[in-house]
$ cat my_file14.txt   # compact mmCIF, C-alpha atoms and all ligand atoms
# COMPACT_ATOMS: atom_id res chain seq x y z
CA MET A 287 -11.13 -10.78 9.66
CA ASN A 288 -10.76 -12.02 13.21
CA ILE A 289 -8.70 -15.24 12.91
CA GLU A 290 -9.32 -16.19 16.54
CA GLN A 291 -13.03 -16.73 15.99
CA SER A 292 -12.63 -18.35 12.60
CA VAL A 293 -13.35 -21.90 11.49
CA ALA A 294 -10.97 -22.31 8.54
CA LEU A 295 -10.72 -24.87 5.75
CA VAL A 296 -7.46 -25.23 3.78
CA THR A 297 -7.26 -27.34 0.60
CA GLY A 298 -4.00 -29.08 -0.27
CA ALA A 299 -3.13 -29.10 3.43
CA ASN A 300 -0.84 -32.13 3.36
CA ARG A 301 2.30 -30.35 2.11
CA GLY A 302 3.88 -27.08 1.02
CA ILE A 303 2.07 -23.79 1.54
CA GLY A 304 -1.17 -25.52 2.56
CA ARG A 305 0.44 -27.37 5.47
CA ALA A 306 2.16 -24.13 6.56
CA LEU A 307 -1.16 -22.28 6.36
CA VAL A 308 -2.77 -24.77 8.76
CA GLN A 309 0.11 -24.24 11.19
CA ALA A 310 -0.02 -20.44 10.83
CA LEU A 311 -3.79 -20.38 11.42
CA LEU A 312 -3.36 -22.47 14.57
CA ALA A 313 -0.55 -20.20 15.77
CA ALA A 314 -2.82 -17.17 15.18
CA GLY A 315 -5.49 -18.77 17.40
CA ALA A 316 -8.02 -20.14 14.89
CA ALA A 317 -10.87 -21.91 16.70
CA LYS A 318 -10.85 -24.88 14.31
CA VAL A 319 -9.08 -25.78 11.06
CA TYR A 320 -10.31 -28.34 8.55
CA ALA A 321 -7.13 -29.65 6.92
CA ALA A 322 -8.29 -31.00 3.56
CA ALA A 323 -6.25 -33.26 1.29
CA ARG A 324 -6.59 -36.03 -1.27
CA SER A 325 -4.84 -38.42 1.16
CA VAL A 326 -6.06 -37.86 4.74
CA GLU A 327 -3.39 -40.18 6.19
CA LYS A 328 -0.82 -37.52 5.27
CA LEU A 329 -2.53 -35.18 7.77
CA ASN A 330 -2.02 -37.39 10.84
CA ASP A 331 0.69 -35.25 12.44
CA LEU A 332 -1.31 -32.01 11.93
CA ALA A 333 -4.35 -33.64 13.54
CA THR A 334 -2.49 -34.08 16.84
CA ASP A 335 -3.72 -30.53 17.55
CA LEU A 336 -7.31 -31.04 18.72
CA ARG A 337 -8.45 -28.00 16.72
CA VAL A 338 -7.55 -29.78 13.45
CA VAL A 339 -10.07 -31.94 11.61
CA ALA A 340 -8.55 -33.98 8.77
CA VAL A 341 -10.96 -34.29 5.85
CA PRO A 342 -10.77 -35.66 2.29
CA ILE A 343 -11.05 -33.40 -0.74
CA ASP A 344 -10.34 -33.60 -4.43
CA VAL A 345 -11.12 -30.14 -5.79
CA THR A 346 -11.71 -31.57 -9.28
CA ASP A 347 -14.44 -33.92 -8.02
CA ASP A 348 -17.87 -32.35 -7.48
CA ARG A 349 -19.08 -35.19 -5.25
CA SER A 350 -16.09 -34.75 -2.96
CA ILE A 351 -16.78 -31.00 -2.75
CA THR A 352 -20.49 -31.46 -2.02
CA ALA A 353 -19.76 -34.01 0.72
CA LEU A 354 -17.22 -31.70 2.35
CA ALA A 355 -19.55 -28.67 2.24
CA LYS A 356 -22.11 -30.77 4.17
CA ARG A 357 -19.59 -32.09 6.67
CA ALA A 358 -17.74 -28.80 7.29
CA ALA A 359 -20.94 -26.79 7.80
CA ASP A 360 -19.38 -24.40 10.35
CA VAL A 361 -16.68 -22.96 8.04
CA THR A 362 -16.22 -19.17 7.98
CA LEU A 363 -12.84 -18.97 6.19
CA LEU A 364 -12.13 -20.96 3.01
CA ILE A 365 -8.56 -21.01 1.68
CA ASN A 366 -8.36 -22.33 -1.88
CA ASN A 367 -4.71 -23.39 -1.84
CA ALA A 368 -4.63 -26.69 -3.81
CA GLY A 369 -2.85 -26.19 -7.11
CA VAL A 370 -0.82 -27.85 -9.85
CA LEU A 371 1.86 -26.57 -12.20
CA ASP A 372 2.80 -28.00 -15.58
CA PHE A 373 5.79 -26.44 -17.28
CA GLY A 374 5.52 -25.71 -20.98
CA SER A 375 4.74 -23.04 -23.53
CA VAL A 376 1.27 -22.41 -24.88
CA LEU A 377 2.33 -23.63 -28.34
CA ASP A 378 3.93 -26.91 -27.28
CA ALA A 379 2.19 -28.07 -24.10
CA PRO A 380 -0.26 -30.97 -24.58
CA GLN A 381 -3.97 -30.29 -24.32
CA ASN A 382 -4.22 -32.37 -21.15
CA ALA A 383 -1.80 -30.01 -19.39
CA PHE A 384 -4.28 -27.16 -20.01
CA GLU A 385 -7.10 -29.36 -18.74
CA ARG A 386 -5.17 -30.36 -15.60
CA ASN A 387 -4.09 -26.80 -14.74
CA PHE A 388 -7.47 -25.21 -15.46
CA GLY A 389 -9.26 -28.14 -13.79
CA THR A 390 -7.51 -27.59 -10.48
CA ASN A 391 -6.39 -23.95 -10.48
CA PHE A 392 -9.53 -22.43 -12.00
CA TYR A 393 -12.48 -24.86 -11.86
CA GLY A 394 -11.38 -26.20 -8.47
CA VAL A 395 -11.47 -22.70 -7.01
CA LEU A 396 -14.79 -21.97 -8.72
CA SER A 397 -16.47 -25.16 -7.47
CA MET A 398 -15.15 -24.82 -3.91
CA SER A 399 -16.22 -21.16 -3.77
CA ARG A 400 -19.72 -21.93 -5.06
CA ALA A 401 -20.12 -24.76 -2.56
CA PHE A 402 -18.83 -22.83 0.45
CA ALA A 403 -20.22 -19.30 -0.14
CA PRO A 404 -23.68 -20.37 1.19
CA VAL A 405 -22.01 -22.17 4.11
CA ILE A 406 -20.01 -19.07 5.11
CA GLU A 407 -23.07 -16.87 4.65
CA ARG A 408 -25.18 -19.10 6.90
CA ASN A 409 -22.48 -18.78 9.55
CA GLY A 410 -22.77 -14.97 9.55
CA GLY A 411 -20.07 -14.14 6.98
CA GLY A 412 -16.32 -14.54 6.67
CA ALA A 413 -13.83 -14.83 3.83
CA ILE A 414 -12.62 -16.76 0.81
CA VAL A 415 -8.89 -16.65 0.08
CA ASN A 416 -7.51 -17.73 -3.29
CA ILE A 417 -3.82 -18.62 -3.53
CA LEU A 418 -2.88 -17.29 -6.97
CA THR A 419 0.68 -16.42 -8.07
CA LEU A 420 2.84 -13.46 -9.05
CA VAL A 421 2.90 -14.76 -12.63
CA ALA A 422 -0.85 -14.17 -12.86
CA LEU A 423 0.09 -10.48 -13.26
CA ALA A 424 2.53 -10.99 -16.13
CA SER A 425 3.28 -14.21 -17.98
CA MET A 426 6.53 -16.17 -18.02
CA PRO A 427 6.28 -18.06 -21.33
CA GLY A 428 7.81 -21.28 -19.95
CA LEU A 429 4.91 -21.41 -17.49
CA GLY A 430 2.32 -20.44 -20.09
CA VAL A 431 -0.27 -23.08 -19.19
CA TYR A 432 -0.08 -22.46 -15.44
CA ASN A 433 -0.02 -18.66 -15.89
CA ALA A 434 -3.21 -18.72 -17.94
CA SER A 435 -5.06 -20.84 -15.38
CA LYS A 436 -3.97 -18.58 -12.52
CA ALA A 437 -4.73 -15.36 -14.45
CA ALA A 438 -8.23 -16.76 -15.01
CA ALA A 439 -8.44 -17.51 -11.28
CA TRP A 440 -7.43 -13.90 -10.56
CA SER A 441 -10.30 -12.66 -12.72
CA LEU A 442 -12.59 -15.13 -10.94
CA THR A 443 -11.36 -13.74 -7.61
CA GLN A 444 -12.39 -10.21 -8.62
CA SER A 445 -15.80 -11.42 -9.82
CA LEU A 446 -16.35 -13.34 -6.59
CA ARG A 447 -15.40 -10.25 -4.58
CA ALA A 448 -18.05 -8.19 -6.33
CA ALA A 449 -20.67 -10.95 -6.22
CA LEU A 450 -20.18 -11.63 -2.50
CA SER A 451 -19.68 -8.07 -1.29
CA GLY A 452 -23.30 -7.78 -0.13
CA ARG A 453 -23.20 -11.15 1.63
CA LYS A 454 -20.59 -10.39 4.34
CA ILE A 455 -17.96 -12.50 2.56
CA ALA A 456 -14.63 -10.81 1.83
CA VAL A 457 -12.51 -12.25 -1.00
CA TYR A 458 -8.71 -12.12 -0.91
CA GLY A 459 -6.18 -12.84 -3.65
CA VAL A 460 -2.66 -14.00 -2.74
CA PHE A 461 0.21 -13.54 -5.22
CA PRO A 462 3.31 -15.38 -3.99
CA GLY A 463 6.68 -15.23 -5.77
CA ALA A 464 8.92 -18.31 -5.69
CA VAL A 465 8.27 -20.49 -2.63
CA ASP A 466 10.41 -23.41 -1.48
CA THR A 467 7.99 -26.32 -1.94
CA ASP A 468 7.74 -29.46 -4.11
CA MET A 469 6.15 -27.34 -6.85
CA LEU A 470 9.43 -25.61 -7.65
CA ALA A 471 11.79 -28.44 -6.64
CA GLY A 472 14.74 -28.46 -9.01
CA VAL A 473 14.28 -24.82 -10.05
CA GLU A 474 17.34 -22.94 -8.80
CA MET A 475 16.38 -19.42 -7.74
CA PRO A 476 15.89 -17.48 -4.49
CA LYS A 477 12.78 -18.80 -2.72
CA THR A 478 10.85 -17.86 0.41
CA SER A 479 9.94 -20.57 2.94
CA PRO A 480 6.30 -21.72 2.97
CA GLU A 481 6.18 -20.88 6.69
CA ASP A 482 7.09 -17.21 6.07
CA VAL A 483 4.57 -17.00 3.21
CA ALA A 484 1.82 -18.56 5.35
CA ARG A 485 2.45 -16.14 8.23
CA SER A 486 2.20 -13.19 5.80
CA VAL A 487 -1.02 -14.56 4.32
CA VAL A 488 -2.65 -14.94 7.74
CA ALA A 489 -1.48 -11.43 8.72
CA GLY A 490 -2.93 -10.06 5.46
CA ILE A 491 -6.29 -11.73 6.09
CA SER A 492 -6.47 -10.42 9.64
CA GLN A 493 -5.63 -6.90 8.38
CA CYS A 494 -8.21 -7.17 5.54
CA VAL A 495 -5.64 -6.66 2.75
CA GLU A 496 -7.54 -7.63 -0.43
CA ASP A 497 -4.46 -8.35 -2.58
CA ILE A 498 -1.72 -10.01 -0.55
CA PHE A 499 1.91 -10.04 -1.80
CA PRO A 500 3.39 -12.27 0.89
CA ASP A 501 7.14 -12.35 0.21
CA PRO A 502 9.94 -9.92 -0.77
CA MET A 503 9.99 -11.00 -4.45
CA SER A 504 6.25 -10.51 -4.93
CA ALA A 505 6.15 -7.25 -2.95
CA SER A 506 8.92 -5.63 -5.02
CA LEU A 507 7.58 -6.94 -8.35
CA TYR A 508 4.12 -5.60 -7.46
CA GLU A 509 5.61 -2.12 -6.93
CA ALA A 510 7.37 -2.34 -10.32
CA TRP A 511 4.14 -3.63 -11.97
CA LYS A 512 2.12 -0.71 -10.58
CA LYS A 513 4.65 1.75 -12.03
CA ASP A 514 5.00 0.09 -15.46
CA HIS A 515 3.22 -3.19 -16.12
CA LYS A 516 4.54 -3.39 -19.70
CA ALA A 517 8.14 -3.29 -18.41
CA VAL A 518 7.37 -6.26 -16.11
CA GLU A 519 5.72 -8.13 -18.99
CA LYS A 520 8.84 -7.60 -21.13
CA GLN A 521 11.12 -8.67 -18.27
CA PHE A 522 9.13 -11.87 -17.61
CA ALA A 523 8.98 -12.65 -21.34
CA THR A 524 12.75 -13.18 -21.33
CA MET A 525 12.71 -15.61 -18.36
N1 LIG B 601 5.67 -22.90 -4.79
C1 LIG B 601 5.59 -21.72 -5.39
O1 LIG B 601 6.61 -21.12 -5.78
C2 LIG B 601 4.24 -21.05 -5.57
C3 LIG B 601 4.26 -19.71 -6.00
C4 LIG B 601 3.04 -19.07 -6.20
C5 LIG B 601 1.86 -19.72 -5.95
N2 LIG B 601 1.87 -21.02 -5.53
C6 LIG B 601 0.58 -21.67 -5.31
O2 LIG B 601 0.49 -22.09 -3.96
C7 LIG B 601 -0.41 -23.20 -3.85
C8 LIG B 601 0.27 -24.31 -3.08
O3 LIG B 601 1.40 -24.73 -3.82
P1 LIG B 601 2.69 -25.39 -3.16
O4 LIG B 601 3.85 -24.58 -3.57
O5 LIG B 601 2.46 -25.68 -1.73
O6 LIG B 601 2.74 -26.72 -4.04
P2 LIG B 601 2.86 -28.27 -3.68
O7 LIG B 601 3.86 -28.46 -2.59
O8 LIG B 601 3.06 -28.92 -4.99
O9 LIG B 601 1.42 -28.62 -3.08
C9 LIG B 601 0.28 -28.64 -3.89
C10 LIG B 601 -0.87 -29.09 -3.03
O10 LIG B 601 -2.07 -29.06 -3.82
C11 LIG B 601 -2.71 -30.33 -3.66
N3 LIG B 601 -3.56 -30.66 -4.80
C12 LIG B 601 -3.24 -30.69 -6.11
N4 LIG B 601 -4.31 -31.07 -6.84
C13 LIG B 601 -5.33 -31.29 -5.96
C14 LIG B 601 -6.68 -31.69 -6.08
N5 LIG B 601 -7.22 -31.99 -7.29
N6 LIG B 601 -7.45 -31.78 -4.98
C15 LIG B 601 -6.93 -31.50 -3.76
N7 LIG B 601 -5.64 -31.15 -3.56
C16 LIG B 601 -4.86 -31.03 -4.66
C17 LIG B 601 -1.55 -31.31 -3.51
O11 LIG B 601 -2.03 -32.56 -3.02
P3 LIG B 601 -1.28 -33.97 -3.36
O12 LIG B 601 -0.16 -34.12 -2.36
O13 LIG B 601 -2.37 -34.98 -3.20
O14 LIG B 601 -0.77 -33.86 -4.77
C18 LIG B 601 -0.70 -30.54 -2.54
O15 LIG B 601 -1.20 -30.65 -1.24
C19 LIG B 601 -0.77 -23.58 -5.29
O16 LIG B 601 -2.02 -23.04 -5.63
C20 LIG B 601 0.34 -22.93 -6.11
O17 LIG B 601 -0.06 -22.66 -7.43
C21 LIG B 601 3.04 -21.70 -5.32

$ encode --input "my_file14.txt" --output "structure tokens"
Amino acid sequence: MNIEQSVALVTGANRGIGRALVQALLAAGAAKVYAAARSVEKLNDLATDLRVVAVPIDVTDDRSITALAKRAADVTLLINNAGVLDFGSVLDAPQNAFERNFGTNFYGVLSMSRAFAPVIERNGGGAIVNILTLVALASMPGLGVYNASKAAAWSLTQSLRAALSGRKIAVYGVFPGAVDTDMLAGVEMPKTSPEDVARSVVAGISQCVEDIFPDPMSASLYEAWKKDHKAVEKQFATM
């Protein structure tokens, strides 16, 4: 996809990977970027670039999504980045953790994609990009709730790709490893910066790479997974 002619929309743009994605899109020459967040006042510094339009979104609220699809009617590139992570195993985590993770990470992506596919199509085509995770490929039991929601979103990504293939809308899945944002604050392990991840994501979109592994951890684990996915499952099961 040609980033320079794109009108992008990034959810969860106020911090972490979303904020870095807005900056990477601007650096790559995007014509316009809708930076979408639950609190628009947290987007003030991004909106100093005249190509940025700060807009409200809660991806779990259908009215918010419908209003944004009307307002951002020129979008050609949707990046479903907003996400939540609750730690906990599938046996012990409370029911509301499943609802929160599936509500944002799965239904949020589904609702945003349904609302914006017609918008992108009307604008002559473009792309939808879903920020998934490496642990969608193989589960780490301590992240059981989150893993399940993201694995479901991976399946959704594949279904969307097939459903939209005849409508000039490409669908990309992004599978980051550990990234240094609030989401993993307090978890001590090697992490990639959100800026490096965002640059790799934008490069992957512009090179039409359907499945993007945007950091060294995810790229090497993907190679191992392709050779022996059961070995990766067993490795993750001990973590
Ligand atoms: N960090 C990692 O290691 C890692 C690895 C793989 C994949 N990812 C994925 O990357 C994406 C971004 O994560 P991050 O690391 O940047 O995490 P983060 O720093 O915790 O940021 C999460 C973002 O999502 C937004 N958000 C959450 N629920 C929302 C909702 N209902 N409506 C709109 N926005 C909502 C948050 O907004 P508020 O500020 O309003 O809460 C925030 O902007 C997520 O999908 C995450 O699963 C992260």

$ closest_atom_pairs --input "my_file14.txt" --of "chain A" --to "ligand LIG 601 (chain B)" --cutoff "7 Å" --atoms "all atoms listed in the file" --output "tab-separated table"
residue	atom	partner	partner_atom	distance
A:Thr297	CA	B:LIG601	N7	5.9
A:Gly298	CA	B:LIG601	O15	3.4
A:Ala299	CA	B:LIG601	O15	5.3
A:Asn300	CA	B:LIG601	O15	4.8
A:Arg301	CA	B:LIG601	O15	4.9
A:Gly302	CA	B:LIG601	O5	3.4
A:Ile303	CA	B:LIG601	O5	3.8
A:Gly304	CA	B:LIG601	O5	5.6
A:Ala323	CA	B:LIG601	N7	5.3
A:Arg324	CA	B:LIG601	O13	4.8
A:Ser325	CA	B:LIG601	O13	6.1
A:Ile343	CA	B:LIG601	C15	5.5
A:Asp344	CA	B:LIG601	N6	3.5
A:Val345	CA	B:LIG601	N6	4.1
A:Thr346	CA	B:LIG601	N5	4.9
A:Asn367	CA	B:LIG601	O16	4.7
A:Ala368	CA	B:LIG601	O10	3.5
A:Gly369	CA	B:LIG601	O16	3.6
A:Val370	CA	B:LIG601	C12	5.3
A:Leu371	CA	B:LIG601	O17	6.5
A:Thr390	CA	B:LIG601	N5	5.4
A:Asn391	CA	B:LIG601	O16	6.6
A:Ile417	CA	B:LIG601	O16	5.2
A:Leu418	CA	B:LIG601	C5	5.4
A:Thr419	CA	B:LIG601	C4	4.0
A:Leu420	CA	B:LIG601	C4	6.3
A:Phe461	CA	B:LIG601	C4	6.3
A:Pro462	CA	B:LIG601	C4	4.3
A:Gly463	CA	B:LIG601	C3	5.1
A:Ala464	CA	B:LIG601	O1	3.6
A:Val465	CA	B:LIG601	O1	3.6
A:Asp466	CA	B:LIG601	N1	5.8
A:Thr467	CA	B:LIG601	O7	4.7
A:Asp468	CA	B:LIG601	O7	4.3
A:Met469	CA	B:LIG601	O8	3.9
A:Leu470	CA	B:LIG601	N1	5.4

$ residues_near_point --input "my_file14.txt" --point "(3.4, -14.1, -16.8)" --cutoff "12 Å" --atoms "all atoms listed in the file" --output "PDB file with C-alpha atoms, in the frame of the given file"
ATOM      1  CA  SER A 375       4.740 -23.040 -23.530  1.00  0.00           C
ATOM      2  CA  VAL A 376       1.270 -22.410 -24.880  1.00  0.00           C
ATOM      3  CA  THR A 419       0.680 -16.420  -8.070  1.00  0.00           C
ATOM      4  CA  LEU A 420       2.840 -13.460  -9.050  1.00  0.00           C
ATOM      5  CA  VAL A 421       2.900 -14.760 -12.630  1.00  0.00           C
ATOM      6  CA  ALA A 422      -0.850 -14.170 -12.860  1.00  0.00           C
ATOM      7  CA  LEU A 423       0.090 -10.480 -13.260  1.00  0.00           C
ATOM      8  CA  ALA A 424       2.530 -10.990 -16.130  1.00  0.00           C
ATOM      9  CA  SER A 425       3.280 -14.210 -17.980  1.00  0.00           C
ATOM     10  CA  MET A 426       6.530 -16.170 -18.020  1.00  0.00           C
ATOM     11  CA  PRO A 427       6.280 -18.060 -21.330  1.00  0.00           C
ATOM     12  CA  GLY A 428       7.810 -21.280 -19.950  1.00  0.00           C
ATOM     13  CA  LEU A 429       4.910 -21.410 -17.490  1.00  0.00           C
ATOM     14  CA  GLY A 430       2.320 -20.440 -20.090  1.00  0.00           C
ATOM     15  CA  VAL A 431      -0.270 -23.080 -19.190  1.00  0.00           C
ATOM     16  CA  TYR A 432      -0.080 -22.460 -15.440  1.00  0.00           C
ATOM     17  CA  ASN A 433      -0.020 -18.660 -15.890  1.00  0.00           C
ATOM     18  CA  ALA A 434      -3.210 -18.720 -17.940  1.00  0.00           C
ATOM     19  CA  SER A 435      -5.060 -20.840 -15.380  1.00  0.00           C
ATOM     20  CA  LYS A 436      -3.970 -18.580 -12.520  1.00  0.00           C
ATOM     21  CA  ALA A 437      -4.730 -15.360 -14.450  1.00  0.00           C
ATOM     22  CA  GLY A 463       6.680 -15.230  -5.770  1.00  0.00           C
ATOM     23  CA  LEU A 507       7.580  -6.940  -8.350  1.00  0.00           C
ATOM     24  CA  TRP A 511       4.140  -3.630 -11.970  1.00  0.00           C
ATOM     25  CA  HIS A 515       3.220  -3.190 -16.120  1.00  0.00           C
ATOM     26  CA  LYS A 516       4.540  -3.390 -19.700  1.00  0.00           C
ATOM     27  CA  ALA A 517       8.140  -3.290 -18.410  1.00  0.00           C
ATOM     28  CA  VAL A 518       7.370  -6.260 -16.110  1.00  0.00           C
ATOM     29  CA  GLU A 519       5.720  -8.130 -18.990  1.00  0.00           C
ATOM     30  CA  LYS A 520       8.840  -7.600 -21.130  1.00  0.00           C
ATOM     31  CA  GLN A 521      11.120  -8.670 -18.270  1.00  0.00           C
ATOM     32  CA  PHE A 522       9.130 -11.870 -17.610  1.00  0.00           C
ATOM     33  CA  ALA A 523       8.980 -12.650 -21.340  1.00  0.00           C
ATOM     34  CA  THR A 524      12.750 -13.180 -21.330  1.00  0.00           C
ATOM     35  CA  MET A 525      12.710 -15.610 -18.360  1.00  0.00           C
TER      36      MET A 525
END

$ closest_residue --input "my_file14.txt" --among "A:Gly315, A:Pro500, A:Pro380, A:Gly452" --to "Glu481 of chain A" --atoms "all atoms listed in the file"
A:Pro500

$ closest_residue --input "my_file14.txt" --among "A:Asp497, A:Leu363, A:Pro342, A:Ala449" --to "Ala317 of chain A" --atoms "all atoms listed in the file"
A:Leu363

$ closest_residue --input "my_file14.txt" --among "A:Ala448, A:Val457, A:Ile498, A:Val296" --to "Leu364 of chain A" --atoms "only C-alpha atoms"
A:Val296

$ closest_residue --input "my_file14.txt" --among "A:Ser445, A:Ser504, A:Val488, A:Ile455" --to "Val308 of chain A" --atoms "only C-alpha atoms"
A:Val488

$ residues_near_point --input "my_file14.txt" --point "(-24.1, -26.4, 6.8)" --cutoff "6 Å" --atoms "only C-alpha atoms" --output "PDB file with C-alpha atoms, keeping the file's coordinate frame"
ATOM      1  CA  LYS A 356     -22.110 -30.770   4.170  1.00  0.00           C
ATOM      2  CA  ALA A 359     -20.940 -26.790   7.800  1.00  0.00           C
ATOM      3  CA  VAL A 405     -22.010 -22.170   4.110  1.00  0.00           C
TER       4      VAL A 405
END

$ atom_distance --input "my_file14.txt" --atom1 "atom CA of Ala484 of chain A" --atom2 "atom CA of Ala310 of chain A"
6.1 Å

$ atom_distance --input "my_file14.txt" --atom1 "atom CA of Leu311 of chain A" --atom2 "atom CA of Lys477 of chain A"
21.8 Å

$ residues_around --input "my_file14.txt" --residues "Leu442 of chain A" --least-positions-apart "6" --cutoff "10 Å" --atoms "only C-alpha atoms" --output "PyMOL selection string"
chain A and resi 392-393+395-396+416+436+448+459

$ atom_distance --input "my_file14.txt" --atom1 "atom CA of Gly410 of chain A" --atom2 "atom CA of Ala355 of chain A"
15.9 Å

$ closest_residue --input "my_file14.txt" --among "A:Ala321, A:Ser397, A:Tyr458, A:Arg453" --to "Val415 of chain A" --atoms "only C-alpha atoms"
A:Tyr458
